[in-house]
2 protein chains.
Amino acid sequence: MAKTTIKDVARIAGVGVGTVSRVINNSNAVSDETRQKVKQAIEALNYQPNEMARRLSLGKTYTVSVLAPFFTRPAFVQRLRGLESVFAQSEYDFIIYNVDSAASRDKYFRQLSRPERTDGLLIMSIIPHKEHAERFLGSKVPTVLVDADHDAFTRVLIDDLNGGYKATNHLIELGHRKIGMVSDFLLETPFNYRSVFQRHEGYRTALKEAGIPFRPDYFLQCDVDKDAARETAVKLLTHPDPPTAIFAYSDTHAFGVLQAAEMLNINIPDDLSIVGYDDIELSEYLHLTTMRQSLFDAGAHGAKLLLNLITNQTEIIEKTVLASKLIERRTTAPPTSQ
Amino acid sequence: MAKTTIKDVARIAGVGVGTVSRVINNSNAVSDETRQKVKQAIEALNYQPNEMARRLSLGKTYTVSVLAPFFTRPAFVQRLRGLESVFAQSEYDFIIYNVDSAASRDKYFRQLSRPERTDGLLIMSIIPHKEHAERFLGSKVPTVLVDADHDAFTRVLIDDLNGGYKATNHLIELGHRKIGMVSDFLLETPFNYRSVFQRHEGYRTALKEAGIPFRPDYFLQCDVDKDAARETAVKLLTHPDPPTAIFAYSDTHAFGVLQAAEMLNINIPDDLSIVGYDDIELSEYLHLTTMRQSLFDAGAHGAKLLLNLITNQTEIIEKTVLASKLIERRTTAPPTSQ
DNA sequence: TGACTATATGGAACCGGTTCCATATAGGAG
DNA sequence: CTCCTATATGGAACCGGTTCCATATAGTCA
């Protein structure tokens, strides 16, 4: 059986194509009688409109593009779940573009900053440069940032500054004075993680308030990768004057630190306290004290904002900041020695 | 600036639209001279063809649909990574449809079994019923199954039968005779996980070969959910005659069992051995002995098969079976008591 | 009853590509 | 030099919808 088109329906129902179209989009005035005829014809032919023709005609893509670096990392997956829960209810498909290099980022930014390519853009954890930002704003593609800050865009943020502060302060309140941080790279990333800066900033603010000087030798940077974090943590823990507590940029980093401690026979939490960040699923198993951020909510909220932007074409820029919360488990305790 | 179309390019280059189209699709014979003129015009106008118009005209969607239940579970995410690595290189977008109920499965199956809706279908861990299978085959939408078995489709499988066998046999070789299994639901799922049956089958075969009778009271079923698994494991471990070893359907199940053991002060691996399945990232941290399956490879291979099917329209049905491999860590040991 | 208005409907034009077909031109063979 | 063929190219028709515009019909009011 050949594809059935709107013409077939019109013929069977004995009406014009315009009328069929009106029935499908239940728009305007169509008499009940005609509506019935058309609906029966649609039923009889098992007709479904061709999506591509519809999109071309309407000048819409009914597609939302999600740009995410390393979308399979636990924190991203949680946010994706949030996105999915919203987009699945809408008439928009969402396509994930995995950004794993500056080159792929630029390629996707170039391709997707055209309204004829996508109806909306959701960018995760990548701060657009000046050049990119101008392109997006000029192109009028509705854009929402999640976990990336830029004044010109509607965005959903986690209060990483406060989160970094609270994590560090928790260690200080337990009595720690020698507090290291294992961070993601502060400068050398093509993705401009805003959260890296902010958590670092919060860490330093907490130290400062407590009158603890910042020690560059206590602040090490490495990739979001358990093995890299383990090696980095080994360096920190074999320091001649090692810290008694470590704030890790992510739970993944924290797991590397845990592994390093295990290798070096350092007892957790007696000889070393660890605070992570994210509260991914895994963290509960490992009893990791960590900062919980509502990743699912951040994703879901970002998706809602984007759909709203698409339908309402508003110029209003919204900034939502979600809080993180300390979840105390078993990797932090007052320092024993010293 | 208004959208630039192929007509604008034709006008600027002083040629017809047909010629521009030929240059874009670098097809057929176009003289070098003309080709240059057109390319310059494209460059000058920063022209990019409208994807929707192209798709309508070609009668293709350039879209591949991925159906996955619970796509954020670790095992699925790993497979998705594999898919992404292949599709990103191709000209196809891939759209993920999250199947979380029989209703959503049926809805997506109905929608997507039309060639005008999608160019290809990749179904994960869902075995199509007779009715669905017929629909797909009739519709001629190229379809590949990953982790789901059906004679009529090209598919990528893990050898779960052998995997279940090897996992159980490992416990038997260590000297265990009282071996329980914490499984996913064998019957009550709308998704027909093939792997559930197969691992169960492998488990029973290994027992049988060792002359150990199957005990229904040692075989418990629950969702792929750490908390559910914990509760189920508690039941098993507070049995009057508890098993000395447990084979868990998934690593997620295994973590629930680990938690239950911790709650009940049962020592791992001295008082209880545990084997999981999947070898997700988390498993290494927890030193879980488990069956590693190459999830990434399964996804990547499935994607390649699908692209191949789309371009070559072959009728040949391929069946690929990937092996699982025992990774021995620290949750298995010979039984101490009895 | 006639004029005017509101409602319902058919169908052409359009969205922006691709492709087929007709035609023009150049080059080669006889 | 003429005829034939291969190559290059322009442009109409088409993909399958939506929407605007023109028209027909029914209903309202004086």
# chains A, B, ... in the order shown; residues from 1 in each chain; ligands from 1

call {"tool": "residues_around", "arguments": {"residues": "range 13-21 of chain C", "least_positions_apart": "6", "cutoff": "10 Å", "atoms": "only C-alpha atoms (C1' of nucleotides)", "output": "VMD selection string"}}
result
(chain A and resid 53 to 59) or (chain B and resid 4 to 7 17 to 18 21 to 22 25 49 to 58) or (chain D and resid 11 to 15 17 to 20)

call {"tool": "select_by_dssp", "arguments": {"residues": "range 113-162 of chain A", "states": "strand (DSSP E or B)", "output": "number ranges by chain"}}
result
A: 120-124, 143-146, 154-158

call {"tool": "write_last_selection", "arguments": {"atoms": "N, CA and C atoms", "output": "mmCIF file, in the first residue's frame"}}
result
data_model
loop_
_atom_site.group_PDB
_atom_site.id
_atom_site.type_symbol
_atom_site.label_atom_id
_atom_site.label_comp_id
_atom_site.auth_asym_id
_atom_site.auth_seq_id
_atom_site.Cartn_x
_atom_site.Cartn_y
_atom_site.Cartn_z
ATOM 1 N N GLY A 120 15.047 25.229 19.176
ATOM 2 C CA GLY A 120 15.554 25.688 20.457
ATOM 3 C C GLY A 120 16.832 24.978 20.817
ATOM 4 N N LEU A 121 17.571 25.603 21.705
ATOM 5 C CA LEU A 121 18.897 25.099 22.042
ATOM 6 C C LEU A 121 19.010 25.061 23.552
ATOM 7 N N LEU A 122 19.443 23.934 24.065
ATOM 8 C CA LEU A 122 19.686 23.854 25.490
ATOM 9 C C LEU A 122 21.150 23.489 25.673
ATOM 10 N N ILE A 123 21.890 24.398 26.230
ATOM 11 C CA ILE A 123 23.336 24.212 26.354
ATOM 12 C C ILE A 123 23.688 23.915 27.791
ATOM 13 N N MET A 124 24.376 22.810 27.981
ATOM 14 C CA MET A 124 24.714 22.402 29.338
ATOM 15 C C MET A 124 26.199 22.592 29.622
ATOM 16 N N THR A 143 17.368 30.080 23.323
ATOM 17 C CA THR A 143 18.472 29.348 23.946
ATOM 18 C C THR A 143 18.372 29.418 25.465
ATOM 19 N N VAL A 144 18.597 28.284 26.097
ATOM 20 C CA VAL A 144 18.635 28.239 27.559
ATOM 21 C C VAL A 144 19.932 27.569 27.983
ATOM 22 N N LEU A 145 20.559 28.121 28.981
ATOM 23 C CA LEU A 145 21.768 27.500 29.517
ATOM 24 C C LEU A 145 21.437 26.780 30.821
ATOM 25 N N VAL A 146 22.010 25.619 30.997
ATOM 26 C CA VAL A 146 21.903 24.921 32.274
ATOM 27 C C VAL A 146 23.316 24.724 32.799
ATOM 28 N N THR A 154 18.674 33.188 29.259
ATOM 29 C CA THR A 154 17.913 32.545 30.315
ATOM 30 C C THR A 154 18.688 31.316 30.757
ATOM 31 N N ARG A 155 18.774 31.100 32.083
ATOM 32 C CA ARG A 155 19.669 30.040 32.537
ATOM 33 C C ARG A 155 19.231 29.453 33.863
ATOM 34 N N VAL A 156 19.660 28.223 34.100
ATOM 35 C CA VAL A 156 19.413 27.552 35.367
ATOM 36 C C VAL A 156 20.761 27.228 35.980
ATOM 37 N N LEU A 157 20.953 27.697 37.178
ATOM 38 C CA LEU A 157 22.258 27.523 37.811
ATOM 39 C C LEU A 157 22.125 26.831 39.149
ATOM 40 N N ILE A 158 23.195 26.209 39.543
ATOM 41 C CA ILE A 158 23.294 25.730 40.906
ATOM 42 C C ILE A 158 24.135 26.760 41.652
#

call {"tool": "atom_distance", "arguments": {"atom1": "CA of Asp271 in chain B", "atom2": "CA of Gly256 in chain A"}}
result
28.4 Å

call {"tool": "residues_around", "arguments": {"residues": "range 165-174 of chain A", "least_positions_apart": "6", "cutoff": "6 Å", "atoms": "only C-alpha atoms (C1' of nucleotides)", "output": "ChimeraX atom specification"}}
result
/A:202-203,206,334

call {"tool": "residues_around", "arguments": {"residues": "DA8 in chain C", "least_positions_apart": "2", "cutoff": "8 Å", "atoms": "only C-alpha atoms (C1' of nucleotides)", "output": "list in words"}}
result
Ala29, Val30 and Ser31 of chain A
